[in-house]
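Asks: Sharing final.csv (CSV, C-alpha atoms and all ligand atoms) below.
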chain,number,residue,atom,x,y,z
A,1,MET,CA,105.2,115.2,108.7
A,2,LEU,CA,102.3,115.9,106.4
A,3,ASP,CA,103.0,115.9,102.7
A,4,THR,CA,102.1,114.8,99.2
A,5,ASN,CA,105.4,113.7,97.9
A,6,LEU,CA,105.1,110.2,96.6
A,7,ASP,CA,108.8,109.7,96.0
A,8,ILE,CA,109.7,110.5,99.6
A,9,ALA,CA,106.9,108.2,100.8
A,10,ALA,CA,108.1,105.4,98.6
A,11,ARG,CA,111.7,105.8,99.9
A,12,TYR,CA,110.4,105.6,103.5
A,13,ILE,CA,108.5,102.4,102.7
A,14,LYS,CA,111.6,100.9,101.1
A,15,ASP,CA,113.6,101.9,104.1
A,16,GLY,CA,111.3,100.0,106.4
A,17,LYS,CA,109.5,103.1,107.8
A,18,LEU,CA,105.8,103.7,108.4
A,19,VAL,CA,103.8,105.9,106.0
A,20,ALA,CA,100.1,106.8,106.5
A,21,ILE,CA,98.4,106.4,103.2
A,22,PRO,CA,95.1,107.5,101.8
A,23,THR,CA,92.8,104.8,100.4
A,24,GLU,CA,89.2,105.2,99.3
A,25,THR,CA,87.9,103.7,102.6
A,26,VAL,CA,90.0,105.1,105.5
A,27,TYR,CA,93.6,106.1,105.9
A,28,GLY,CA,96.0,103.1,106.4
A,29,LEU,CA,99.2,102.9,108.4
A,30,GLY,CA,101.5,101.3,105.8
A,31,ALA,CA,104.7,99.4,105.8
A,32,ASN,CA,106.5,97.0,103.4
A,33,ALA,CA,104.4,93.9,103.8
A,34,LEU,CA,107.5,91.7,103.0
A,35,ASP,CA,109.6,93.3,105.8
A,36,PRO,CA,108.7,91.7,109.2
A,37,LEU,CA,110.6,94.4,111.1
A,38,ALA,CA,108.7,97.2,109.4
A,39,VAL,CA,105.4,95.4,110.0
A,40,ALA,CA,106.3,95.0,113.7
A,41,LYS,CA,106.5,98.8,113.9
A,42,ILE,CA,102.8,99.1,112.8
A,43,PHE,CA,101.7,97.0,115.8
A,44,GLU,CA,103.9,99.1,118.1
A,45,LEU,CA,102.7,102.5,116.9
A,46,LYS,CA,99.1,101.5,116.8
A,47,GLU,CA,99.3,99.6,120.1
A,48,ARG,CA,97.6,96.8,118.3
A,49,PRO,CA,97.5,93.3,119.8
A,50,SER,CA,99.5,90.8,117.8
A,51,PHE,CA,96.5,88.5,117.4
A,52,ASP,CA,94.9,90.9,114.9
A,53,PRO,CA,96.1,90.4,111.4
A,54,LEU,CA,96.8,93.1,108.8
A,55,ILE,CA,95.4,93.6,105.3
A,56,VAL,CA,98.0,93.6,102.4
A,57,HIS,CA,97.4,96.2,99.7
A,58,ILE,CA,98.4,95.4,96.1
A,59,ALA,CA,98.5,97.4,92.8
A,60,ASP,CA,98.4,94.5,90.3
A,61,LEU,CA,97.5,90.8,90.0
A,62,ASP,CA,101.1,89.8,89.8
A,63,GLN,CA,101.5,90.7,93.4
A,64,LEU,CA,98.3,88.7,94.2
A,65,ASN,CA,99.8,85.6,92.7
A,66,LYS,CA,103.0,85.9,94.7
A,67,LEU,CA,101.1,86.4,98.0
A,68,THR,CA,98.7,83.5,97.8
A,69,SER,CA,99.3,79.8,97.7
A,70,GLY,CA,95.8,79.1,96.5
A,71,PRO,CA,94.9,81.1,93.4
A,72,ASP,CA,91.3,80.4,92.8
A,73,GLU,CA,89.0,81.1,89.8
A,74,ARG,CA,86.6,82.8,92.1
A,75,ILE,CA,89.2,85.2,93.4
A,76,LEU,CA,89.9,86.3,89.9
A,77,LYS,CA,86.2,86.8,89.1
A,78,LEU,CA,85.8,88.9,92.3
A,79,ALA,CA,88.9,90.9,91.5
A,80,GLU,CA,87.7,91.6,88.0
A,81,LYS,CA,84.4,92.9,89.3
A,82,PHE,CA,85.4,94.7,92.5
A,83,TRP,CA,89.1,95.7,92.3
A,84,PRO,CA,90.4,98.2,92.6
A,85,GLY,CA,87.8,98.8,95.4
A,86,PRO,CA,86.7,98.3,99.0
A,87,LEU,CA,86.8,94.5,99.1
A,88,THR,CA,89.3,92.4,101.1
A,89,ILE,CA,89.5,88.7,100.2
A,90,VAL,CA,91.0,86.4,102.8
A,91,MET,CA,92.9,83.6,101.0
A,92,PRO,CA,95.6,81.0,101.7
A,93,LYS,CA,99.0,82.7,102.1
A,94,SER,CA,102.2,81.9,100.3
A,95,ASP,CA,105.5,81.5,102.2
A,96,ILE,CA,106.7,85.1,101.4
A,97,VAL,CA,104.0,86.4,103.8
A,98,SER,CA,105.4,86.3,107.3
A,99,ASP,CA,103.4,85.3,110.4
A,100,ILE,CA,103.5,88.7,111.9
A,101,VAL,CA,101.3,90.0,109.0
A,102,THR,CA,98.7,87.2,109.4
A,103,SER,CA,99.0,86.8,113.2
A,104,GLY,CA,100.1,83.2,112.6
A,105,LEU,CA,97.0,82.3,110.4
A,106,PRO,CA,97.5,80.3,107.3
A,107,THR,CA,95.5,83.0,105.4
A,108,VAL,CA,96.2,86.5,104.3
A,109,GLY,CA,93.6,89.3,103.6
A,110,ILE,CA,94.4,91.1,100.3
A,111,ARG,CA,92.8,94.1,98.6
A,112,MET,CA,93.6,96.5,95.7
A,113,PRO,CA,92.6,100.0,96.9
A,114,ASP,CA,90.7,102.3,94.6
A,115,ASN,CA,92.9,105.4,95.2
A,116,LYS,CA,95.5,106.7,92.8
A,117,VAL,CA,97.9,107.9,95.4
A,118,ALA,CA,97.9,104.5,97.2
A,119,LEU,CA,98.3,102.5,93.9
A,120,GLU,CA,101.1,104.8,92.8
A,121,LEU,CA,102.8,104.5,96.2
A,122,ILE,CA,102.7,100.7,96.0
A,123,LYS,CA,104.2,100.8,92.5
A,124,ARG,CA,107.0,103.1,93.4
A,125,SER,CA,107.8,101.2,96.6
A,126,GLY,CA,108.1,98.0,94.6
A,127,CYS,CA,106.3,95.9,97.3
A,128,PRO,CA,102.9,95.2,98.6
A,129,ILE,CA,102.0,97.4,101.6
A,130,ALA,CA,100.5,96.0,104.8
A,131,ALA,CA,98.2,98.5,106.4
A,132,PRO,CA,95.6,98.5,109.1
A,133,SER,CA,93.5,101.7,109.6
A,134,ALA,CA,95.7,104.5,110.8
A,135,ASN,CA,94.2,104.9,114.3
A,136,LYS,CA,95.2,103.8,117.7
A,137,PHE,CA,93.8,100.3,118.4
A,138,GLY,CA,90.1,100.4,119.1
A,139,ARG,CA,89.6,104.1,118.3
A,140,ILE,CA,87.8,106.1,115.6
A,141,SER,CA,89.1,105.4,112.0
A,142,PRO,CA,90.7,108.3,110.1
A,143,THR,CA,89.2,109.7,107.0
A,144,THR,CA,91.5,112.7,106.6
A,145,ALA,CA,95.3,113.2,107.1
A,146,GLU,CA,94.4,115.4,110.1
A,147,HIS,CA,92.7,112.5,111.8
A,148,VAL,CA,95.8,110.5,111.4
A,149,ARG,CA,98.0,113.2,112.9
A,150,LYS,CA,95.7,113.5,115.9
A,151,GLN,CA,96.1,109.9,116.9
A,152,LEU,CA,99.5,109.0,115.5
A,153,PRO,CA,101.6,112.1,115.6
A,154,ASP,CA,104.8,110.0,115.6
A,155,VAL,CA,104.2,108.3,112.2
A,156,ASP,CA,107.3,108.8,109.9
A,157,TYR,CA,105.3,110.3,107.1
A,158,ILE,CA,101.7,111.1,106.3
A,159,LEU,CA,100.7,111.2,102.6
A,160,ASP,CA,97.8,113.6,102.3
A,161,GLY,CA,95.3,112.5,99.7
A,162,GLY,CA,92.4,114.5,101.0
A,163,LYS,CA,89.2,113.1,102.5
A,164,THR,CA,88.5,109.5,101.7
A,165,THR,CA,85.6,108.9,99.3
A,166,VAL,CA,84.0,105.8,100.9
A,167,GLY,CA,84.5,106.6,104.5
A,168,ILE,CA,84.2,103.1,106.1
A,169,GLU,CA,86.5,100.1,105.9
A,170,SER,CA,86.4,97.5,103.2
A,171,THR,CA,84.0,94.6,103.2
A,172,ILE,CA,86.1,91.5,104.2
A,173,ILE,CA,85.1,88.1,102.8
A,174,LYS,CA,86.5,84.6,103.2
A,175,LEU,CA,86.0,81.9,100.6
A,176,THR,CA,84.8,78.5,101.7
A,177,ASP,CA,84.0,75.3,99.7
A,178,LYS,CA,80.4,76.5,99.4
A,179,GLY,CA,81.0,80.2,98.6
A,180,PHE,CA,81.8,83.3,100.6
A,181,GLN,CA,81.3,84.4,104.2
A,182,ILE,CA,81.3,88.0,105.3
A,183,LEU,CA,83.8,88.7,108.1
A,184,ARG,CA,83.2,92.5,108.1
A,185,ASN,CA,80.4,94.4,106.3
A,186,GLY,CA,81.3,97.4,104.1
A,187,ILE,CA,79.7,99.3,101.2
A,188,ILE,CA,80.1,96.3,98.9
A,189,THR,CA,77.1,94.3,100.0
A,190,GLN,CA,76.3,90.6,100.2
A,191,GLU,CA,73.8,91.1,97.4
A,192,GLU,CA,76.4,92.6,95.0
A,193,LEU,CA,78.9,89.8,95.9
A,194,GLU,CA,76.3,87.1,95.3
A,195,GLN,CA,76.2,88.1,91.7
A,196,VAL,CA,79.7,86.6,91.4
A,197,VAL,CA,80.0,83.9,94.0
A,198,PRO,CA,77.3,82.2,96.1
A,199,PHE,CA,76.8,83.3,99.7
A,200,ASP,CA,77.7,80.7,102.3
A,201,GLY,CA,75.3,81.6,105.0
A,202,ASN,CA,75.0,78.2,106.5
A,203,SER,CA,78.5,77.5,107.7
A,204,GLU,CA,79.4,79.0,111.1
A,205,ILE,CA,82.1,81.7,110.9
A,206,ASP,CA,85.0,80.1,112.7
A,207,LYS,CA,86.0,82.6,115.4
A,208,LEU,CA,89.7,81.6,115.3
A,209,SER,CA,89.8,82.6,111.6
A,210,ALA,CA,88.3,86.0,112.2
A,211,PRO,CA,90.3,87.3,115.2
A,212,GLY,CA,89.7,91.0,114.6
A,213,MET,CA,86.0,90.9,115.0
A,214,LEU,CA,85.8,92.5,118.4
A,215,LYS,CA,82.7,93.8,120.2
A,216,SER,CA,84.3,97.2,120.9
A,217,HIS,CA,85.9,99.3,118.2
A,218,TYR,CA,85.8,102.7,116.5
A,219,SER,CA,85.4,104.2,119.9
A,220,PRO,CA,85.3,107.9,120.6
A,221,LYS,CA,86.8,109.2,123.8
A,222,LYS,CA,83.5,110.8,124.7
A,223,ARG,CA,80.3,109.0,125.6
A,224,PHE,CA,78.7,107.7,122.4
A,225,LEU,CA,75.2,106.2,122.1
A,226,ILE,CA,72.9,105.2,119.4
A,227,ALA,CA,69.7,107.3,119.6
A,228,ASP,CA,67.5,104.3,120.3
A,229,ASN,CA,69.3,103.7,123.5
A,230,VAL,CA,69.1,107.2,124.8
A,231,SER,CA,66.8,107.8,127.8
A,232,SER,CA,64.4,110.7,127.5
A,233,ASP,CA,66.0,112.5,130.4
A,234,LEU,CA,69.4,112.9,128.8
A,235,ASP,CA,70.8,116.4,129.1
A,236,ARG,CA,70.8,117.5,125.5
A,237,SER,CA,72.4,120.9,126.2
A,238,LYS,CA,75.9,119.2,125.8
A,239,ALA,CA,74.9,116.6,123.3
A,240,GLY,CA,75.9,116.4,119.7
A,241,LEU,CA,73.6,114.5,117.2
A,242,ILE,CA,74.9,112.7,114.1
A,243,SER,CA,71.7,113.1,112.1
A,244,PHE,CA,70.6,111.2,109.0
A,245,THR,CA,66.9,111.7,108.4
A,246,GLY,CA,66.6,115.1,110.1
A,247,ASN,CA,63.8,113.7,112.3
A,248,LEU,CA,65.6,113.8,115.6
A,249,GLU,CA,67.3,117.2,115.3
A,250,GLY,CA,65.3,119.2,117.9
A,251,SER,CA,66.9,120.4,121.2
A,252,PHE,CA,70.5,119.0,120.7
A,253,LYS,CA,73.3,121.5,121.3
A,254,LYS,CA,74.8,120.7,117.9
A,255,VAL,CA,73.8,118.7,114.9
A,256,ILE,CA,75.9,117.3,112.1
A,257,ASN,CA,73.7,116.1,109.3
A,258,VAL,CA,75.7,113.4,107.4
A,259,SER,CA,73.4,113.3,104.4
A,260,LYS,CA,71.0,115.9,103.1
A,261,ALA,CA,69.9,113.5,100.4
A,262,ASN,CA,69.1,110.6,102.8
A,263,ASP,CA,71.7,108.5,101.1
A,264,LEU,CA,73.4,105.7,103.1
A,265,ARG,CA,76.6,106.1,101.1
A,266,GLU,CA,76.9,109.6,102.4
A,267,TYR,CA,76.3,108.4,106.0
A,268,ALA,CA,79.3,106.1,105.5
A,269,VAL,CA,81.4,108.8,104.0
A,270,ASN,CA,80.8,111.3,106.8
A,271,MET,CA,80.3,109.1,109.9
A,272,PHE,CA,83.8,108.9,111.2
A,273,GLU,CA,84.5,112.5,110.5
A,274,ALA,CA,81.4,113.5,112.5
A,275,MET,CA,82.6,111.4,115.4
A,276,HIS,CA,86.0,113.1,115.2
A,277,THR,CA,84.4,116.6,115.1
A,278,PHE,CA,82.3,116.0,118.2
A,279,GLU,CA,85.1,114.3,120.0
A,280,ASP,CA,87.2,117.4,119.5
A,281,ASP,CA,84.4,119.8,120.4
A,282,LYS,CA,84.7,121.2,123.9
A,283,GLU,CA,81.0,122.1,124.1
A,284,ILE,CA,80.0,118.5,123.5
A,285,ASP,CA,80.0,115.8,126.3
A,286,VAL,CA,78.0,113.1,124.7
A,287,ILE,CA,77.6,112.0,121.1
A,288,ILE,CA,74.4,110.5,119.8
A,289,ALA,CA,74.1,108.8,116.4
A,290,GLU,CA,70.9,108.2,114.5
A,291,PRO,CA,70.5,104.5,113.6
A,292,VAL,CA,69.5,103.2,110.1
A,293,GLU,CA,67.7,100.1,108.9
A,294,GLU,CA,70.0,97.1,108.9
A,295,GLN,CA,69.9,96.4,105.2
A,296,GLY,CA,72.5,96.7,102.4
A,297,ILE,CA,75.0,99.4,103.4
A,298,GLY,CA,72.9,99.9,106.5
A,299,LYS,CA,74.5,96.7,107.9
A,300,ALA,CA,78.0,98.2,107.7
A,301,ILE,CA,76.9,101.5,109.3
A,302,MET,CA,75.1,99.8,112.2
A,303,ASP,CA,78.1,97.5,112.7
A,304,ARG,CA,80.3,100.6,113.2
A,305,LEU,CA,77.8,102.4,115.4
A,306,ARG,CA,77.3,99.4,117.7
A,307,LYS,CA,81.0,98.8,118.2
A,308,ALA,CA,81.6,102.5,118.9
A,309,GLU,CA,78.8,102.4,121.5
A,310,TYR,CA,79.8,99.1,123.1
A,311,ASN,CA,82.0,100.3,125.9
A,312,TRP,CA,79.9,103.4,126.6
A,313,GLN,CA,76.7,101.4,126.9
A,314,GLN,CA,78.2,99.5,129.8
A,315,GLU,CA,78.5,102.7,131.8
A,401,LIG,O1,89.4,99.5,104.2
A,401,LIG,C1,90.2,98.8,104.9
A,401,LIG,O2,90.1,97.6,104.9
A,401,LIG,C2,91.3,99.6,105.6
A,401,LIG,C3,92.2,100.3,104.6
A,401,LIG,C4,93.4,100.9,105.2
A,401,LIG,O3,92.6,99.3,103.6
A,401,LIG,N1,92.0,98.7,106.5
A,401,LIG,C5,91.5,98.2,107.6
A,401,LIG,O4,92.4,97.4,108.3
A,401,LIG,O5,90.4,98.4,108.0
A,401,LIG,P1,92.2,97.0,109.9
A,401,LIG,O6,93.4,96.4,110.3
A,401,LIG,O7,91.7,98.2,110.7
A,401,LIG,O8,91.1,95.9,109.8
A,401,LIG,C6,91.4,94.7,109.1
A,401,LIG,C7,90.6,93.6,109.6
A,401,LIG,C8,91.1,93.2,111.0
A,401,LIG,O9,90.0,93.2,111.9
A,401,LIG,C9,91.6,91.8,110.8
A,401,LIG,O10,91.2,90.9,111.9
A,401,LIG,C10,91.0,91.3,109.5
A,401,LIG,O11,90.9,92.5,108.8
A,401,LIG,N2,91.9,90.4,108.8
A,401,LIG,C11,93.1,90.7,108.2
A,401,LIG,N3,93.6,89.5,107.7
A,401,LIG,C12,92.8,88.5,108.1
A,401,LIG,C13,92.9,87.1,107.9
A,401,LIG,N4,93.9,86.5,107.3
A,401,LIG,N5,91.8,86.4,108.3
A,401,LIG,C14,90.8,87.0,108.9
A,401,LIG,N6,90.7,88.3,109.2
A,401,LIG,C15,91.7,89.1,108.7
A,402,MG,MG,90.7,99.4,112.0
Starting from the file, give its structure as structure tokens.
Ligand code: TXA
Ligand code: MG

Replies:
Amino acid sequence: MLDTNLDIAARYIKDGKLVAIPTETVYGLGANALDPLAVAKIFELKERPSFDPLIVHIADLDQLNKLTSGPDERILKLAEKFWPGPLTIVMPKSDIVSDIVTSGLPTVGIRMPDNKVALELIKRSGCPIAAPSANKFGRISPTTAEHVRKQLPDVDYILDGGKTTVGIESTIIKLTDKGFQILRNGIITQEELEQVVPFDGNSEIDKLSAPGMLKSHYSPKKRFLIADNVSSDLDRSKAGLISFTGNLEGSFKKVINVSKANDLREYAVNMFEAMHTFEDDKEIDVIIAEPVEEQGIGKAIMDRLRKAEYNWQQE
């Protein structure tokens, strides 16, 4: 069901059902974060392994205080600067957060999305909402309600908020004694975060505390390669190019230019949509994406492209 009725969606959340929700990053598959049975349905529908914890979405700082056992001056400073917005902060959880949400970890990832529909839904539901991206596990993230319907036709309700404005998932950070570590890059960069809290680049990221950081992710059903890794004899008559600078465009069957203005933010906004479009296009057998320099937002873009390519590169 595809609709825009917030009251119905809030009723579904209260009743322990699943609602796909728009956020500024990607669509989320939401459930009452305080209802373990509802949260279990997320893992089931998404076919997500239980070791991969969920992000909890809040609408105000009251909810933050209830969800964490370690309120921290630094969290409040980060919240003031970046929330609502695409930043997830991993922090010690309180007892009301069940193990199914955090995959048994003592921490919980929390963010306040910068999307009016999402914030209003959380308010009307009267509870924080746990939501991973609304795609099947390991597949391309959804930036429109249609993308959600394509992968998760059985979701109880899809709240349509139009195309998302950021296009890639939130930056995820974890606070350590020395500062913050980045568990996932996003459009909020290390440089911006460093203006608020020091970057802890020296401590190793403990793999057990970042269980969702897999090598393969965001994966299209069709062969997907970064342009640098494409051999010159590739048959381009069935290849679609995700183009950024415009420099590679010759001879491909189809081209989607993600940014006429050479703006990395636009690449982020349009990247997953371009992947979906080529995945659905019968004339395209292989998808090629133009790489960017790994700096600032470029780090987040290359992270997504590499993970999307990972399984296909092994072929
Ligand atoms: O922008 C976003 O973050 C989107 C929207 C819907 O908010 N959500 C999203 O969720 O990308 P998901 O589940 O696709 O990715 C969340 C990642 C997972 O890889 C998970 O491992 C990590 O966050 N995560 C969640 N809680 C964590 C925790 N307590 N410790 C470490 N990593 C955590
Ligand atoms: Mg995801």

Asks: Near A:Pro198, counting all atoms listed in the file, which residues have an atom at most 8 Å away, once you skip same-chain residues fewer than 6 positions from it, shown as a short mmCIF file (atom, residue, chain, number, x, y, z; two decimals) with C-alpha atoms, in the frame of the given file?

Replies:
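Below you can see out.cif, which holds the result:
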data_model
loop_
_atom_site.label_atom_id
_atom_site.label_comp_id
_atom_site.auth_asym_id
_atom_site.auth_seq_id
_atom_site.Cartn_x
_atom_site.Cartn_y
_atom_site.Cartn_z
CA LYS A 178 80.40 76.50 99.40
CA GLY A 179 81.00 80.20 98.60
CA PHE A 180 81.80 83.30 100.60
#

Asks: Pick out the closest residue to ligand LIG 401 (chain A) from this set: A:Leu34, A:Leu248, A:Leu305, A:Ile172. Count all atoms listed in the file.

Replies: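 Result for the nearest residue to ligand LIG 401 (chain A): A:Ile172.
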
Asks: Can you pull out the residues contacting A:Gln181? Cut-off 8 Å, using only C-alpha atoms, and skip same-chain residues under 3 positions away; I want them as an MDAnalysis selection string.

Replies: chainID A and resid 173:176 199:201 205

Asks: Would you kindly return, as a ChimeraX atom specification, each protein, DNA or RNA residue with an atom no farther than 10 Å from any atom of A:Gly85, considering all atoms listed in the file and excluding same-chain residues fewer than 3 positions away?

Replies: /A:23-25,79,81-82,88,111-115,166,170-171,187-188

Asks: Near A:Ile58, within 7 Å and counting all atoms listed in the file, which residues show up once chain neighbours fewer than 3 positions away are dropped, as a list in words?

Replies: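 Using all atoms listed in the file, the neighbours found are Gln63, Leu64, Arg111, Met112, Ile122, Pro128 and Ile129 of chain A.
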
Asks: Can you work out the spacing between atom CA of A:Ile140 and atom CA of A:Val39 in Å, to one decimal?

Replies: 21.3 Å

Asks: With distances taken over only C-alpha atoms and all ligand atoms, which residue among A:Ser98, A:Gln295, A:Gln195, A:Gln313 lies nearest ligand LIG 401 (chain A)?

Replies: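 For ligand LIG 401 (chain A), the nearest of the given residues is A:Ser98.
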
Asks: Of the candidates A:Val196, A:Met91, A:Ala308, A:Met275, which one gets nearest to ligand MG 402 (chain A) if we count all atoms listed in the file?

Replies: A:Ala308

Asks: Around ligand MG 402 (chain A), which protein and nucleic acid residues have at least one atom no more than 9 Å from it, if we count all atoms listed in the file? List them as a PyMOL selection string.

Replies: chain A and resi 26+28+132-141+169+212+217-218

Asks: Can you work out the spacing between atom CA of A:Pro106 and atom CA of A:Leu87 in Å, to one decimal?

Replies: 19.6 Å

Asks: Distance atom CA of A:Lys307-atom CA of A:Lys215, one decimal place?

Replies: 5.6 Å

Asks: List as a list in words: which residues have an atom within 12 Å of (69.0, 99.8, 108.8), counting all atoms listed in the file?

Replies: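 I get Phe244, Asp263, Leu264, Tyr267, Glu290, Pro291, Val292, Glu293, Glu294, Gln295, Gly296, Ile297, Gly298, Lys299, Ala300, Ile301, Met302, Asp303 and Leu305 of chain A for the residues within 12 Å of that point.
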
Asks: When you look at A:Ala131 with a cut-off of 9 Å (counting all atoms listed in the file), what residues show up, excluding the ones that are within fewer than 4 positions of it in the same chain? I need them as a ChimeraX atom specification.

Replies: /A:20-21,27-33,39,42,54-57

Asks: Smallest atom-to-atom distance to A:Thr144: which of A:Thr107, A:Thr165, A:Thr189, A:Ser69, using all atoms listed in the file?

Replies: A:Thr165

Asks: From the set A:Phe51, A:Phe272, A:Trp312, A:Tyr157, which residue has the shortest atom-to-atom contact distance to ligand LIG 401 (chain A), counting only C-alpha atoms and all ligand atoms?

Replies: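 Answer, going by the shortest atom-to-atom distance: A:Phe51.
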
Asks: Return the single residue from A:Gly161, A:Pro153, A:Gly250, A:Pro92 that is closest to A:Lys66, with distances computed using all atoms listed in the file.

Replies: A:Pro92

Asks: (102.8, 101.3, 115.6) in this file's frame - what residues fall within 9 Å of it? Use all atoms listed in the file and give the answer as a ChimeraX atom specification.

Replies: /A:18,29,39-48,136,152,154-155
